[in-house]
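Each remark here refers to the structure printed beneath this line.
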Amino acid sequence: MADRLRYQLPAGITSALRWAFVVIGVASMVLGYIGIRAYLLRNPHTDFSHAARDVAYYDLELFLVQSTPLAHGGPYPWPLEIARFSAPCVSVYTVIELAVGASAQRIGRARMQRYRGHAVVCGSSRMATVLTERLRRERRRVVTIEPGTQDRRRADTVIGDPALPARLREAAVNRAAVVYCCLENSDRNVEVAGTIERMRGGGRRAPTRVHAMVQDLDLCLALKARHWSTAGPNGPYVDFFNPDELAAREVVRVDDLLFAHEVPRVAVVGSGAFGRSVLVELGRQWLVRRPRSATALQVTVLGERAREAVTTTAERYGFLDEVCHIQVRFGSPTEFLAERDRLGAPRLHRMYVCQEDESEALGTALDAAAHLPSALDTIVVRLDRMSGMAHAFDPAAGAGALFDRLGGRLRVVDVADVGCDPSVIGLDLAEVLARTSHQRYLLERMADGAEPGSSAAMTPWETLDEDLRAASRAQAFDMGRKMASLGCLLVPRSAADRGFIYQPGEVELLARREHVRWMAERASRGWRYGPRDDATKHHPDFIPWSELPEAERERDRDAVRAIPSMLAEVGLAVLRVGSRGRPGGGASSENAA
């Protein structure tokens with residue numbers, strides 16, 4: 001009841017009630033002072049001092065229902081008659097407010113300790129706020145841990161440092177389904193994830209997943225690689241995400257109209273995290289969507305540091321050179337579009353404007369709008385700190401939108417709104433790798449003559465059976481463990497990467513382990529030995545490695561050989577650091593990946 005009284009009353013009513021009692025308290029003080037002074041002057045036979053400080057003291061006693069001069073009885077002046085009733089009322093209200101607050105906190109803490117399967121969001125940043133609102137719109141139960149504030153706005157808010165085990169326990173993190181670390185500083189998010197990992201390592205229950213926000217794109221990938229190398233049997237427990245990367249990936253991924261063109265032509269303005277992520281996702285999507293006879297996707301990157309960004313990104317994601325023809329320009333976007341107009345160049349299908357200076361980015365986008373009739377189809381502009389400006393272009397506001405979106409040809413991307421969607425955050429490295437690998441599998445099978453829909457696996461990821469999706473994810477999760485068992489680490493790819501080469505016997509060793517892992521994963525989902533029947537979950541390969549047909553063994557070997565190239569799809573390389581050998585040395589060419 002106390003919880004409802006404090007947190008379910010409209011904020012306006014609660015505020016008005018408090019201000020009303022503040023006014024009553026001040027009025028009681030004034031009326032009490034006037035009334036007591038008049039009472040003492042009217043009764044000079046009393047022994048009480050008439051000094052101002054003493055009258056003020058007697059006035060304060062009214063709030064404790066025991067002003068000493070009043071013991072002689074009435075009659076009392078009318079201001080005192082009012083004050084001797086109103087002052088105690090203020091005191092009673094204060095006591096009730098304190099009791100309700102204390103009770104609400106105790107009830108809230110006790111209730112949170114019974115939560116199961118909820119989400120915990122750490123931080124009070126805009127990213128945390130957007131994410132919390134999304135989760136609650138999905139009718140998920142959410143507990144927030146907010147540092148540096150005493151504004152306890154909801155019963156399900158914990159105040160304090162989320163890196164402290166006590167605060168995490170108060171939020172029932174041990175029974176949560178997922179934790180999102182969204183503090184402003186990336187190092188604090190990693191610290192919170194580390195605290196949860198230590199709690200888990202101490203034998204305590206812990207959430208299924210932890211997502212920690214990292215603002216630096218390169219650091220984010222490096223942390224993902226490091227944790228993937230040490231993942232347990234069920235895959236990485238902690239995932240690190242970058243809002244710009246997620247927003248860029250989602251904006252490109254859902255843009256089906258762009259990839260409907262025979263050869264998409266794109267310009268990217270800016271070389272920050274969003275711009276580089278747009279470039280990578282353009283290549284990844286064209287890799288799996290392009291027609292067999294299609295030429296490379298045409299991309300022009302504009303900016304002062306464009307060449308450096310393109311070189312670094314292309315070195316990390318080797319498939320970009322395979323599917324993209326990238327040019328670098330150093331002039332302004334307006335000059336670039338004016339030149340295309342003058343030369344009669346083919347229209348650009350998209351221009352992604354993602355400069356770090358958001359005012360400059362919005363200005364560039366609006367200037368580029370002059371070329372929509374002749375040189376450009378659609379402008380996509382990234383905003384973050386100026387998110388309020390993004391909502392001014394929101395078509396969902398209808399007549400309430402401040403600006404039009406040029407007939408739908410200007411798209412304003414709010415990084416927090418797009419990148420802090422729970423479903424988008426859930427698309428971690430393994431998910432991306434599993435989707436890309438499946439798409440490549442489809443293309444390879446169709447190149448061999450297989451027809452779409454000819455088997456359960458011959459269907460796009462979106463319509464693929466969840467059982468097969470889970471199998472793909474599990475295989476991707478295990479890559480880090482396989483490499484770690486050889487004394488290797490996963491690291492971001494760079495120009496210094498010389499390519500990983502298996503040493504003699506390693507492919508066979510990992511193929512055996514892959515077969516054992518596959519059997520365990522399939523058995524956990526109800527599969528067992530028997531003639532192949534997907535409906536009853538029977539498979540003839542549920543047998544020891546020694547009894548497995550050679551053709552099936554070779555499939556496991558091929559899966560192991562493909563690991564380095566598959567990891568390259570997500571910008572990772574394998575680095576040998578253990579005692580089994582040196583990077584790039586000591587293996588036969590038969591085992592080269």
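Residues in the structure tokens are numbered from 1 in each chain, the chains being A, B, ... in the order shown, and ligands are numbered from 1 in the order shown.
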
Write out as an MDAnalysis selection string the set of residues from segment 108-218 of chain A that DSSP, computed on the backbone, places in helix (DSSP H, G or I). chainID A and resid 108:112 126:137 165:170 173:175 186:201 217:218

Write the residues of the selection above to a file with C-alpha atoms, as a short mmCIF file (atom, residue, chain, number, x, y, z; two decimals), in the first residue's frame.
```
data_model
loop_
_atom_site.label_atom_id
_atom_site.label_comp_id
_atom_site.auth_asym_id
_atom_site.auth_seq_id
_atom_site.Cartn_x
_atom_site.Cartn_y
_atom_site.Cartn_z
CA GLY A 108 10.45 -2.37 -3.01
CA ARG A 109 13.61 -4.17 -1.90
CA ALA A 110 11.64 -7.18 -0.68
CA ARG A 111 9.64 -7.32 -3.91
CA MET A 112 12.75 -7.05 -6.10
CA ARG A 126 20.22 8.64 -22.39
CA MET A 127 21.16 5.22 -23.73
CA ALA A 128 19.99 3.67 -20.44
CA THR A 129 16.77 5.70 -20.47
CA VAL A 130 15.89 4.74 -24.05
CA LEU A 131 16.65 1.09 -23.40
CA THR A 132 14.57 1.04 -20.22
CA GLU A 133 11.60 2.61 -21.99
CA ARG A 134 11.87 0.05 -24.81
CA LEU A 135 11.94 -2.86 -22.37
CA ARG A 136 8.93 -1.55 -20.49
CA ARG A 137 6.99 -1.01 -23.71
CA PRO A 165 28.01 -6.34 -5.38
CA ALA A 166 25.57 -5.07 -2.73
CA ARG A 167 23.74 -2.88 -5.24
CA LEU A 168 23.66 -5.70 -7.79
CA ARG A 169 22.25 -8.08 -5.21
CA GLU A 170 19.63 -5.48 -4.26
CA VAL A 173 20.90 -9.55 -10.57
CA ASN A 174 21.50 -13.20 -9.70
CA ARG A 175 18.02 -14.04 -10.97
CA SER A 186 32.98 2.65 -20.99
CA ASP A 187 35.49 1.64 -18.31
CA ARG A 188 32.72 1.73 -15.70
CA ASN A 189 30.56 -0.54 -17.84
CA VAL A 190 33.41 -3.03 -18.14
CA GLU A 191 33.90 -2.77 -14.37
CA VAL A 192 30.25 -3.64 -13.73
CA ALA A 193 30.48 -6.61 -16.11
CA GLY A 194 33.61 -7.76 -14.28
CA THR A 195 31.85 -7.55 -10.92
CA ILE A 196 29.01 -9.72 -12.21
CA GLU A 197 31.53 -12.18 -13.64
CA ARG A 198 33.26 -12.45 -10.25
CA MET A 199 29.91 -13.04 -8.57
CA ARG A 200 29.25 -15.78 -11.11
CA GLY A 201 32.72 -17.25 -10.56
CA LEU A 217 34.60 1.03 -31.79
CA ASP A 218 38.09 -0.53 -31.93
#
```

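Excluding Cys488 of chain A itself and same-chain residues fewer than 4 positions from it, the residues having an atom within 6 Å of it are Met483, Ala484, Leu575, Arg576 and Val577 of chain A, counting only C-alpha atoms.
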
Which residues are near Pro460 of chain A? Cut-off 9 Å, only C-alpha atoms, ignore same chain within fewer than 6 positions. Put them as a list in words. His438, Gln439, Leu442 and Pro452 of chain A

Residues of segment 283-335 of chain A at most 9 Å from segment 356-367 of chain A: nearest atom pair and distance in Å, only C-alpha atoms, as a tab-separated table:
```
residue	atom	partner	partner_atom	distance
A:Ser332	CA	A:Thr364	CA	8.9
A:Pro333	CA	A:Thr364	CA	7.1
A:Thr334	CA	A:Asp367	CA	6.9
```

If you take only C-alpha atoms and a cut-off of 12 Å, which residues of segment 466-539 of chain A touch segment 552-561 of chain A, and what are their nearest atom pairs and distances in Å to one decimal, in chain and number order, as JSON lines?
```
{"residue": "A:Ser472", "atom": "CA", "partner": "A:Ala559", "partner_atom": "CA", "distance": 11.6}
{"residue": "A:Gln475", "atom": "CA", "partner": "A:Ala559", "partner_atom": "CA", "distance": 9.3}
{"residue": "A:Ala476", "atom": "CA", "partner": "A:Ala559", "partner_atom": "CA", "distance": 10.5}
{"residue": "A:Asp478", "atom": "CA", "partner": "A:Val560", "partner_atom": "CA", "distance": 10.8}
{"residue": "A:Met479", "atom": "CA", "partner": "A:Val560", "partner_atom": "CA", "distance": 8.7}
{"residue": "A:Gly480", "atom": "CA", "partner": "A:Val560", "partner_atom": "CA", "distance": 11.7}
{"residue": "A:Lys482", "atom": "CA", "partner": "A:Val560", "partner_atom": "CA", "distance": 8.9}
{"residue": "A:Met483", "atom": "CA", "partner": "A:Val560", "partner_atom": "CA", "distance": 9.9}
{"residue": "A:Phe500", "atom": "CA", "partner": "A:Arg561", "partner_atom": "CA", "distance": 10.2}
{"residue": "A:Ile501", "atom": "CA", "partner": "A:Arg561", "partner_atom": "CA", "distance": 9.2}
{"residue": "A:Tyr502", "atom": "CA", "partner": "A:Arg561", "partner_atom": "CA", "distance": 8.2}
{"residue": "A:Gln503", "atom": "CA", "partner": "A:Arg561", "partner_atom": "CA", "distance": 11.4}
{"residue": "A:Gly505", "atom": "CA", "partner": "A:Arg557", "partner_atom": "CA", "distance": 11.0}
{"residue": "A:Glu506", "atom": "CA", "partner": "A:Val560", "partner_atom": "CA", "distance": 9.2}
{"residue": "A:Val507", "atom": "CA", "partner": "A:Arg557", "partner_atom": "CA", "distance": 6.2}
{"residue": "A:Glu508", "atom": "CA", "partner": "A:Arg557", "partner_atom": "CA", "distance": 6.6}
{"residue": "A:Leu509", "atom": "CA", "partner": "A:Arg557", "partner_atom": "CA", "distance": 9.2}
{"residue": "A:Leu510", "atom": "CA", "partner": "A:Val560", "partner_atom": "CA", "distance": 6.6}
{"residue": "A:Ala511", "atom": "CA", "partner": "A:Arg557", "partner_atom": "CA", "distance": 5.0}
{"residue": "A:Arg512", "atom": "CA", "partner": "A:Asp556", "partner_atom": "CA", "distance": 7.7}
{"residue": "A:Arg513", "atom": "CA", "partner": "A:Asp556", "partner_atom": "CA", "distance": 9.2}
{"residue": "A:Glu514", "atom": "CA", "partner": "A:Asp556", "partner_atom": "CA", "distance": 6.6}
{"residue": "A:His515", "atom": "CA", "partner": "A:Asp556", "partner_atom": "CA", "distance": 6.8}
{"residue": "A:Val516", "atom": "CA", "partner": "A:Asp556", "partner_atom": "CA", "distance": 10.5}
{"residue": "A:Arg517", "atom": "CA", "partner": "A:Asp556", "partner_atom": "CA", "distance": 10.9}
{"residue": "A:Trp518", "atom": "CA", "partner": "A:Asp556", "partner_atom": "CA", "distance": 9.7}
```

Please indicate the distance in Å from atom CA of Gly270 of chain A to atom CA of Phe330 of chain A, rounded to one decimal place.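 Result for atom CA of Gly270 of chain A versus atom CA of Phe330 of chain A: 10.4 Å, one decimal.
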
Show which residues sit within 8 Å of Phe274 of chain A, as a VMD selection string. Count only C-alpha atoms, and ignore same-chain residues fewer than 4 positions away. chain A and resid 244 to 245 247 to 248 278 354 382

Limited to N, CA and C atoms, could you put the picked residues into a file as a PDB file, in the first residue's frame?
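File written: again_7.pdb
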```
ATOM      1  N   ASP A 244      26.828   3.182 -31.994  1.00  0.00           N
ATOM      2  CA  ASP A 244      26.982   3.625 -33.380  1.00  0.00           C
ATOM      3  C   ASP A 244      27.045   2.441 -34.328  1.00  0.00           C
ATOM      4  N   GLU A 245      27.791   1.411 -33.954  1.00  0.00           N
ATOM      5  CA  GLU A 245      27.904   0.227 -34.804  1.00  0.00           C
ATOM      6  C   GLU A 245      26.550  -0.456 -34.971  1.00  0.00           C
ATOM      7  N   ALA A 247      23.515   0.851 -34.574  1.00  0.00           N
ATOM      8  CA  ALA A 247      22.581   1.696 -35.324  1.00  0.00           C
ATOM      9  C   ALA A 247      22.895   1.652 -36.815  1.00  0.00           C
ATOM     10  N   ALA A 248      24.183   1.764 -37.156  1.00  0.00           N
ATOM     11  CA  ALA A 248      24.577   1.725 -38.571  1.00  0.00           C
ATOM     12  C   ALA A 248      24.230   0.375 -39.193  1.00  0.00           C
ATOM     13  N   VAL A 278      28.832   1.637 -41.265  1.00  0.00           N
ATOM     14  CA  VAL A 278      28.015   1.642 -42.480  1.00  0.00           C
ATOM     15  C   VAL A 278      28.766   0.957 -43.618  1.00  0.00           C
ATOM     16  N   CYS A 354      27.588  11.247 -41.707  1.00  0.00           N
ATOM     17  CA  CYS A 354      27.880  10.821 -40.334  1.00  0.00           C
ATOM     18  C   CYS A 354      29.102  11.514 -39.757  1.00  0.00           C
ATOM     19  N   ARG A 382      23.135  10.924 -39.447  1.00  0.00           N
ATOM     20  CA  ARG A 382      23.275  10.393 -38.086  1.00  0.00           C
ATOM     21  C   ARG A 382      23.256  11.530 -37.065  1.00  0.00           C
TER      22      ARG A 382
END
```

Non-local contacts of segment 77-88 of chain A (6 Å; only C-alpha atoms; under 4 positions in same chain excluded) as a short mmCIF file (atom, residue, chain, number, x, y, z; two decimals) with C-alpha atoms, in the first residue's frame:
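Saved file part.cif follows:
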```
data_model
loop_
_atom_site.label_atom_id
_atom_site.label_comp_id
_atom_site.auth_asym_id
_atom_site.auth_seq_id
_atom_site.Cartn_x
_atom_site.Cartn_y
_atom_site.Cartn_z
CA SER A 28 1.45 28.09 10.86
CA LEU A 31 0.19 32.82 12.64
CA GLY A 32 1.64 31.01 15.64
CA GLY A 35 -0.93 34.57 18.13
CA LEU A 62 3.30 24.14 18.39
CA PHE A 63 4.55 21.57 15.86
#
```

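Going from atom CA of Gln355 of chain A over to atom CA of Gly275 of chain A, you cover 7.9 Å.
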
For segment 300-303 of chain A, please output as number ranges by chain all residues within 9 Å (counting only C-alpha atoms; exclusion window: fewer than 2 positions along the same chain). A: 265-271, 275, 279, 298, 305-307, 310, 325-333, 336, 355

Would you save the residues of that selection, restricted to C-alpha atoms, as a short mmCIF file (atom, residue, chain, number, x, y, z; two decimals), in the first residue's frame?
```
data_model
loop_
_atom_site.label_atom_id
_atom_site.label_comp_id
_atom_site.auth_asym_id
_atom_site.auth_seq_id
_atom_site.Cartn_x
_atom_site.Cartn_y
_atom_site.Cartn_z
CA ARG A 265 25.96 3.48 -55.58
CA VAL A 266 26.65 4.99 -52.17
CA ALA A 267 28.54 7.89 -50.60
CA VAL A 268 29.64 7.93 -46.96
CA VAL A 269 30.52 11.31 -45.40
CA GLY A 270 32.67 11.01 -42.28
CA SER A 271 34.99 8.32 -40.96
CA GLY A 275 30.58 5.79 -41.00
CA LEU A 279 30.85 0.70 -44.85
CA GLN A 298 30.24 1.42 -55.67
CA ARG A 305 40.69 11.11 -42.68
CA ALA A 306 38.81 9.04 -45.20
CA ARG A 307 41.82 7.26 -46.68
CA VAL A 310 39.10 3.03 -45.47
CA HIS A 325 34.87 -0.69 -55.16
CA ILE A 326 35.81 2.10 -52.76
CA GLN A 327 36.99 5.57 -53.77
CA VAL A 328 38.22 8.28 -51.42
CA ARG A 329 37.51 12.01 -51.88
CA PHE A 330 38.72 14.90 -49.76
CA GLY A 331 36.45 17.70 -51.01
CA SER A 332 33.20 18.82 -49.43
CA PRO A 333 30.03 16.75 -50.03
CA PHE A 336 31.25 16.28 -54.80
CA GLN A 355 30.32 13.55 -39.35
#
```

Which one is closest to Glu61 of chain A: A:Met29, A:Ala296, A:Leu41, A:Leu468? Count only C-alpha atoms.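 With only C-alpha atoms as the atom set, the closest residue is A:Met29.
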